[in-house]
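Below is one structure; the comments refer to it alone.
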Number of protein chains: 2
Amino acid sequence: MLNRVRSAVAHLVSSGGAPPPRPKSPDLPNAPSPQTAAPPEAPRSPPATAGSGSAAPAKTVEARASFSRPTFLQLSPGGLRRADDHAGRAVQSPPDTGRRLPWSTGYAEVINAGKSRHNEDQACCEVVYVEGRRSVSGAPREPSQGQGLCFYYWGLFDGHAGGGAAEMAARLLHRHIREQLKDLSCWSSQKEVTHESLVVGAIENAFQFMDEQMARERRGHQVEGGCCALVVVYLLGKVYVANAGDSRAIIVRNGEIIPMSREFTPETERQRLQLLGFLKPELLGGEFTHLEFPRRIQPKELGQRMLYRDQNMTGWAYKKIELEDLRFPLVCGEGKKARVMATIGVTRGLGDHNLKVCSSTLPIKPFLSCFPEVRVYDLTQYEHCPDDVLVLGTDGLWDVTSDCEVAATVDRVLSAYEPNDPSRYKALAQALVLGARGTPRDRGWRLPNNKLGSGDDISVFVIPLGGPGSYS
Amino acid sequence: MLNRVRSAVAHLVSSGGAPPPRPKSPDLPNAPSPQTAAPPEAPRSPPATAGSGSAAPAKTVEARASFSRPTFLQLSPGGLRRADDHAGRAVQSPPDTGRRLPWSTGYAEVINAGKSRHNEDQACCEVVYVEGRRSVSGAPREPSQGQGLCFYYWGLFDGHAGGGAAEMAARLLHRHIREQLKDLSCWSSQKEVTHESLVVGAIENAFQFMDEQMARERRGHQVEGGCCALVVVYLLGKVYVANAGDSRAIIVRNGEIIPMSREFTPETERQRLQLLGFLKPELLGGEFTHLEFPRRIQPKELGQRMLYRDQNMTGWAYKKIELEDLRFPLVCGEGKKARVMATIGVTRGLGDHNLKVCSSTLPIKPFLSCFPEVRVYDLTQYEHCPDDVLVLGTDGLWDVTSDCEVAATVDRVLSAYEPNDPSRYKALAQALVLGARGTPRDRGWRLPNNKLGSGDDISVFVIPLGGPGSYS
């Protein structure tokens with residue numbers, strides 16, 4: 001999550017020195033260098049208290065070491081040190097020995113080039129069993145209603161301002177999904193409410209309960225953070241892709257690209273953010289204006305006509321500049337530099353409950369949504385071949401790799417392996433991570449075209465869609 | 001706008017008798033019959049006061065007869081009576097004698113089968129000249145900045161709860177657009193703000209100013225109403241289609257259908273409406289809940305688990321029914337029966353400033369948006385043939401006619417005429433209206449397949465896209 005939380009990191013972890021000044025211009029500088037901005041200590045794991053109430057099914061998380069990588073990587077202490085080495089940036093994958101990931105899923109990751117002390121991406125891949133919900137009295141339902149089911153689960157979590165939120169989500173989100181899916185056992189066919197819409201609702205609510213658990217259990221932690229979450233649930237023939245943040249999922253099927261998510265950023269969510277600022281001006285704290293201008297207004301421009309957009313507009317129009325238009329815009333900057341309240345560059349995700357505007361006590365969380373957009377792909381509607389894959393990546397991949405480049409790599413790598421060689425998907429994930437990282441040259445990580453590679457954490461899942469029949 | 005404002009009509013025009021009871025179930029009855037619900041007198045024209053301030057450029061509207069049809073129909077008093085005859089439902093088009101509409105645009109309309117006293121659709125087709133904006137001092141700008149330009153304009157306005165809003169919009173909206181487009185003369189090329197985005201912004205703001213003018217000038221009118229607005233602006237090679245309501249525009253190009261609008265209804269705007277009710281609960285007046293349930297909750301179900309959706313969800317989940325869930329849902333019903341606050345079935349448009357929930361003083365206007373969605377089609381990117389057309393229709397057309405059926409009629413009718421025969425587009429508009437109206441049979445208007453035709457007002461523009469080069 002490079003550059004995505006500007007200065008907020010420094011602000012959150014600063015322990016006495018003056019906080020950095022808020023930028024006065026939308027032409028924002030790059031993220032602070034690791035020397036000045038990295039947390040002085042690693043984000044701690046969530047506390048070992050169980051969630052309270054029925055909404056918090058997840059089990060207690062035990063105290064852990066100061067940083068962790070996904071357990072399926074099976075890293076030894078030495079391996080963990082190599083995975084944590086910003087200089088070497090060795091690509092990590094599950095070992096060939098040991099249990100293969102479900103569906104022969106491929107996975108690879110690499111740490112950032114120094115922007116944060118540890119890799120703040122996390123990942124999870126599980127097969128989860130869901131019991132039917134018991135009735136209120138505690139007695140199990142009749143067998144036909146209470147039968148359990150299994151779902152397959154993959155999750156990528158891209159942390160910012162610390163790795164705590166991503167670690168917690170990787171450990172617990174699928175348990176919230178499991179809890180919500182117990183309600184499927186109550187379902188009987190209705191005209192309006194399909195089985196599919198209940199799974200979607202279960203995933204949506206699981207994200208919310210995960211976020212609420214983070215809010216409850218953050219007490220006592222100095223260093224807080226947030227994370228983007230991109231998860232895939234496979235259940236009864238359908239693939240559900242839920243995204244909250246700026247990770248991305250695409251299906252590459254017979255060479256064709258099918259987008260399975262969209263990114264949530266200050267630019268794509270401008271109107272939602274502006275509407276909230278308009279309806280709840282107290283959230284702007286007298287410091288920000290919900291209007292957007294092409295550039296920061298100068299005091300001497302008071303009374304002049306200037307282009308603007310409000311929450312209702314997709315086009316631009318002119319208005320006469322008034323005093324409150326001199327406030328800093330709620331949304332400003334373009335592309336990777338776009339920010340909400342001059343602080344955060346991603347507008348959906350989990351955590352961030354402590355995030356404040358720099359040099360201010362104004363909370364940013366009210367503008368962030370924990371709700372994912374869920375897209376559904378019916379695996380049974382198409383006969384998939386072993387080269388058809390679902391690719392999940394954090395923004396470290398997508399910042400420097402287009403969908404088409406990923407599709408070309410899918411074709412190039414998979415065609416070099418036998419169709420029934422299960423190691424081909426791991427090789428593909430590694431190739432994608434390597435292709436986004438590049439190689440060290442000219443004092444930086446560079447791609448073959450000499451452009452800069454991604455200095456961010458990079459994590460990739462490659463899920464073969466011929467999987468359920470062939471591999472499960 | 002058949003069935004779109006249930007009971008509200010009766011409520012607004014009732015003059016002493018008890019207002020109709022609010023329905024207790026989402027299974028809503030049909031719209032009130034004309035005998036009980038038609039306005040006791042025709043909606044009056046807007047008052048003859050000019051808009052005040054720079055935001056209201058439109059000229060004074062003079063007092064008119066109690067109802068009107070578009071001037072380009074050139075109706076005689078006898079023709080006006082025939083156009084107003086619910087029994088005959090004669091299709092109206094501009095006469096072959098007299099001035100042709102710009103681009104040889106085709107137009108046809110027919111009155112409803114009795115649901116309201118007059119045809120509440122209105123239409124406008126104009127060529128509009130825009131002067132460059134003068135500087136603040138009143139002196140004209142330099143010639144290069146202040147040069148004027150022309151745009152072509154088509155508008156369809158589908159009134160409800162009276163014809164006043166539709167009539168006013170048909171007379172004035174293009175003048176608001178003209179006023180807003182004067183700002184184009186101030187524009188100089190910028191990275192972020194394109195010429196196109198300024199035109200979009202001008203149209204968006206024109207809708208808002210039109211709505212504000214309706215709010216100012218409604219005083220003294222007993223009968224108020226609202227209208228959907230679908231307008232097309234052609235300017236400098238691009239077609240801008242702006243839609244607020246449930247009318248629809250499609251392009252049929254070489255047989256292919258290109259949607260140029262989407263409908264705004266309680267179903268398509270559910271999440272926007274629920275979010276507003278959630279953020280501003282005072283707008284619900286303690287009478288409504290922002291949550292959606294598949295059916296109305298009964299008091300005896302208190303404490304039971306029930307499916308619901310909130311403003312963040314696209315799927316469904318279960319919750320325990322609490323006391324406030326027994327309130328009437330803000331959004332309920334399906335398809336054409338979907339309603340906001342059990343009253344109105346369309347969620348964007350102009351007017352409706354007086355609209356209240358039945359049996360209540362709760363205003364509905366805060367939930368309605370006057371902002372259109374604007375789609376842009378670049379005419380220069382494709383070489384259009386004389387059979388390529390943009391079809392605009394009020395919901396009277398689309399309720400009984402699919403996009404594909406319209407495309408088939410386009411092909412059938414146009415192929416029967418020489419490509420250079422300008423009357424072919426009028427013939428097509430007439431065929432579309434006739435096809436949606438049907439013929440009187442079995443005590444109703446019926447289509448060839450014996451299904452019911454539309455009993456609503458039906459209005460259709462057919463705009464040839466080969467027009468600018470060939471006909472202007």
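Residue numbers start at 1 in each chain; chains themselves are named A, B, ... in the order of the structure tokens; ligands are numbered from 1 in the order shown.
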Each residue of chain A with at least one atom at most 9 Å from chain B should appear once, together with its nearest atom pair and the corresponding distance in Å (one decimal); atoms considered: only C-alpha atoms; ordering: chain, then increasing residue number; output as a Markdown table.
```
| residue | atom | partner | partner_atom | distance |
| --- | --- | --- | --- | --- |
| A:Gln180 | CA | B:Ala317 | CA | 8.3 |
| A:Asp183 | CA | B:Tyr318 | CA | 7.3 |
| A:Glu192 | CA | B:Pro294 | CA | 7.0 |
| A:Val193 | CA | B:Trp316 | CA | 7.0 |
| A:Thr194 | CA | B:Trp316 | CA | 8.7 |
| A:Glu196 | CA | B:Gly315 | CA | 7.9 |
| A:Ser197 | CA | B:Gly315 | CA | 4.4 |
| A:Leu198 | CA | B:Trp316 | CA | 4.9 |
| A:Val199 | CA | B:Gly315 | CA | 7.2 |
| A:Val200 | CA | B:Gly315 | CA | 4.8 |
| A:Gly201 | CA | B:Gly315 | CA | 3.8 |
| A:Ala202 | CA | B:Ala317 | CA | 6.2 |
| A:Ile203 | CA | B:Gly315 | CA | 8.6 |
| A:Glu204 | CA | B:Met313 | CA | 6.6 |
| A:Asn205 | CA | B:Ala317 | CA | 7.7 |
| A:Leu276 | CA | B:Leu279 | CA | 8.5 |
| A:Leu279 | CA | B:Leu279 | CA | 7.5 |
| A:Lys280 | CA | B:Leu279 | CA | 7.9 |
| A:Pro294 | CA | B:Glu192 | CA | 7.0 |
| A:Leu307 | CA | B:Val193 | CA | 8.5 |
| A:Arg309 | CA | B:Gly201 | CA | 8.0 |
| A:Asn312 | CA | B:Phe371 | CA | 6.6 |
| A:Met313 | CA | B:Gly201 | CA | 6.5 |
| A:Thr314 | CA | B:Gly201 | CA | 6.8 |
| A:Gly315 | CA | B:Gly201 | CA | 3.8 |
| A:Trp316 | CA | B:Gly201 | CA | 4.5 |
| A:Ala317 | CA | B:Gly201 | CA | 5.2 |
| A:Tyr318 | CA | B:Asp183 | CA | 7.3 |
| A:Ser369 | CA | B:Asn312 | CA | 8.9 |
| A:Phe371 | CA | B:Asn312 | CA | 6.6 |
| A:Pro372 | CA | B:Asn312 | CA | 8.9 |
| A:Glu373 | CA | B:Thr314 | CA | 8.4 |
| A:Val374 | CA | B:Thr314 | CA | 8.3 |
```
Near-Cys227 in chain B list (7 Å; only C-alpha atoms; drop same-chain fewer than 5 positions) as a ChimeraX atom specification: /B:157-160,165-166,349-351
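Proximity to Thr394 in chain B was assessed for B:Ile258, B:Ala436, B:Leu156, B:Leu172 counting only C-alpha atoms; the smallest distance is recorded for B:Leu156.
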Computed interatomic separation between CA of His176 in chain A and CA of Lys238 in chain A (Å): 19.3 Å
Between CA of Val391 in chain A and CA of Val128 in chain A - distance in Å to one decimal: 20.8 Å
Sel. of alpha helix (DSSP H) residues, range 51-297 of chain A, as a VMD selection string: chain A and resid 77 to 83 143 to 146 164 to 181 195 to 217 270 to 279
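In this comparison, which uses only C-alpha atoms, the residue of A:Tyr382, A:Leu273, A:Gly444, A:Lys336 approaching Pro366 in chain A most closely is A:Leu273.
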Nearest to Asp399 in chain A by atom-to-atom distance, counting only C-alpha atoms, from A:Gly114, A:Gly453, A:Gly333, A:Gly226: A:Gly453
Among the residues B:His118, B:Arg327, B:Arg270, B:Arg348, the one that comes closest to Ala229 in chain B [using only C-alpha atoms]: B:Arg348
Strand (DSSP E) positions in range 264-470 of chain A, given as a VMD selection string: chain A and resid 288 to 289 305 to 308 317 to 320 328 to 329 331 to 332 339 to 340 350 to 351 373 to 378 389 to 393 439 to 441 444 to 446 458 to 464
Residues of the last selection are to be written out with N, CA and C atoms, as a tab-separated table (two decimals), in the first residue's frame.
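Dumped to part13.tsv:
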```tsv
chain	number	residue	atom	x	y	z
A	288	PHE	N	-12.47	21.42	6.03
A	288	PHE	CA	-12.54	20.97	4.63
A	288	PHE	C	-13.83	21.46	3.98
A	289	THR	N	-13.79	21.56	2.66
A	289	THR	CA	-15.01	21.81	1.88
A	289	THR	C	-15.34	20.56	1.09
A	305	ARG	N	-14.56	33.82	-10.40
A	305	ARG	CA	-15.25	32.62	-10.86
A	305	ARG	C	-14.25	31.48	-11.02
A	306	MET	N	-14.66	30.31	-10.56
A	306	MET	CA	-13.73	29.17	-10.56
A	306	MET	C	-14.52	27.90	-10.88
A	307	LEU	N	-13.89	26.97	-11.55
A	307	LEU	CA	-14.52	25.68	-11.83
A	307	LEU	C	-14.68	24.87	-10.55
A	308	TYR	N	-15.77	24.12	-10.46
A	308	TYR	CA	-16.01	23.28	-9.28
A	308	TYR	C	-16.89	22.10	-9.68
A	317	ALA	N	-18.58	23.04	-13.53
A	317	ALA	CA	-19.23	24.31	-13.81
A	317	ALA	C	-18.50	25.41	-13.03
A	318	TYR	N	-18.93	26.66	-13.26
A	318	TYR	CA	-18.27	27.79	-12.60
A	318	TYR	C	-19.08	28.26	-11.41
A	319	LYS	N	-18.41	28.70	-10.39
A	319	LYS	CA	-19.06	29.38	-9.26
A	319	LYS	C	-18.16	30.53	-8.80
A	320	LYS	N	-18.78	31.44	-8.06
A	320	LYS	CA	-18.04	32.56	-7.48
A	320	LYS	C	-17.42	32.07	-6.17
A	328	PHE	N	-9.59	23.40	2.64
A	328	PHE	CA	-8.95	22.34	1.87
A	328	PHE	C	-10.04	21.41	1.33
A	329	PRO	N	-9.94	20.97	0.07
A	329	PRO	CA	-10.98	20.09	-0.47
A	329	PRO	C	-10.96	18.70	0.18
A	331	VAL	N	-11.77	15.95	-1.13
A	331	VAL	CA	-11.12	15.04	-2.08
A	331	VAL	C	-10.21	15.87	-2.96
A	332	CYS	N	-8.94	15.52	-3.01
A	332	CYS	CA	-8.11	16.23	-3.99
A	332	CYS	C	-6.94	15.36	-4.44
A	339	ARG	N	-6.35	11.85	-2.57
A	339	ARG	CA	-6.46	11.67	-1.13
A	339	ARG	C	-7.81	12.13	-0.60
A	340	VAL	N	-8.28	11.45	0.44
A	340	VAL	CA	-9.39	11.95	1.25
A	340	VAL	C	-8.79	12.74	2.40
A	350	LEU	N	-10.88	-2.34	5.97
A	350	LEU	CA	-11.15	-2.68	7.36
A	350	LEU	C	-10.17	-1.93	8.26
A	351	GLY	N	-10.64	-1.57	9.45
A	351	GLY	CA	-9.75	-0.89	10.40
A	351	GLY	C	-9.75	0.60	10.22
A	373	GLU	N	-17.76	-4.56	-2.54
A	373	GLU	CA	-18.64	-4.87	-3.67
A	373	GLU	C	-18.42	-6.34	-3.99
A	374	VAL	N	-19.49	-7.07	-4.13
A	374	VAL	CA	-19.40	-8.52	-4.37
A	374	VAL	C	-19.86	-8.82	-5.79
A	375	ARG	N	-19.00	-9.47	-6.56
A	375	ARG	CA	-19.38	-9.93	-7.89
A	375	ARG	C	-19.44	-11.45	-7.89
A	376	VAL	N	-20.37	-11.97	-8.66
A	376	VAL	CA	-20.61	-13.41	-8.65
A	376	VAL	C	-20.30	-13.98	-10.03
A	377	TYR	N	-19.60	-15.09	-10.03
A	377	TYR	CA	-19.26	-15.76	-11.29
A	377	TYR	C	-19.70	-17.21	-11.17
A	378	ASP	N	-20.55	-17.63	-12.09
A	378	ASP	CA	-21.10	-18.98	-12.04
A	378	ASP	C	-20.17	-19.93	-12.78
A	389	VAL	N	-7.95	-19.04	-15.28
A	389	VAL	CA	-7.57	-18.74	-13.89
A	389	VAL	C	-8.21	-17.45	-13.41
A	390	LEU	N	-8.37	-17.40	-12.09
A	390	LEU	CA	-8.75	-16.17	-11.41
A	390	LEU	C	-7.49	-15.63	-10.74
A	391	VAL	N	-7.09	-14.41	-11.07
A	391	VAL	CA	-5.87	-13.81	-10.53
A	391	VAL	C	-6.25	-12.72	-9.53
A	392	LEU	N	-5.76	-12.84	-8.31
A	392	LEU	CA	-5.94	-11.80	-7.30
A	392	LEU	C	-4.60	-11.14	-7.03
A	393	GLY	N	-4.57	-9.83	-6.97
A	393	GLY	CA	-3.30	-9.16	-6.66
A	393	GLY	C	-3.54	-7.91	-5.83
A	439	THR	N	14.12	-6.13	-11.40
A	439	THR	CA	15.43	-6.53	-10.90
A	439	THR	C	16.20	-5.29	-10.48
A	440	PRO	N	17.15	-5.44	-9.53
A	440	PRO	CA	17.88	-4.26	-9.05
A	440	PRO	C	18.85	-3.76	-10.12
A	441	ARG	N	18.71	-2.51	-10.48
A	441	ARG	CA	19.55	-1.92	-11.52
A	441	ARG	C	19.43	-0.40	-11.38
A	444	GLY	N	17.76	1.05	-8.25
A	444	GLY	CA	16.32	0.89	-8.05
A	444	GLY	C	15.90	-0.45	-8.60
A	445	TRP	N	14.64	-0.81	-8.37
A	445	TRP	CA	14.09	-2.03	-8.96
A	445	TRP	C	13.47	-1.65	-10.29
A	446	ARG	N	13.97	-2.28	-11.36
A	446	ARG	CA	13.53	-1.86	-12.69
A	446	ARG	C	12.98	-3.02	-13.51
A	458	ILE	N	4.01	-6.89	-2.74
A	458	ILE	CA	3.27	-7.47	-3.87
A	458	ILE	C	2.84	-8.87	-3.47
A	459	SER	N	1.55	-9.16	-3.62
A	459	SER	CA	1.04	-10.51	-3.30
A	459	SER	C	0.06	-10.95	-4.37
A	460	VAL	N	0.16	-12.21	-4.77
A	460	VAL	CA	-0.66	-12.72	-5.87
A	460	VAL	C	-1.17	-14.13	-5.57
A	461	PHE	N	-2.46	-14.33	-5.77
A	461	PHE	CA	-3.05	-15.67	-5.82
A	461	PHE	C	-3.41	-15.98	-7.27
A	462	VAL	N	-3.13	-17.21	-7.70
A	462	VAL	CA	-3.63	-17.69	-8.99
A	462	VAL	C	-4.50	-18.90	-8.71
A	463	ILE	N	-5.80	-18.76	-8.97
A	463	ILE	CA	-6.77	-19.82	-8.66
A	463	ILE	C	-7.24	-20.45	-9.96
A	464	PRO	N	-6.90	-21.72	-10.19
A	464	PRO	CA	-7.35	-22.37	-11.43
A	464	PRO	C	-8.84	-22.64	-11.38
```
Selection: 9 Å around Gln74 in chain B, only C-alpha atoms, excl. self and same-chain fewer than 4 positions, as an MDAnalysis selection string: chainID B and resid 69:70 79 94:95 98
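Atom pair CA of Arg133 in chain B / CA of Pro102 in chain B has a distance of 25.8 Å (rounded to one decimal).
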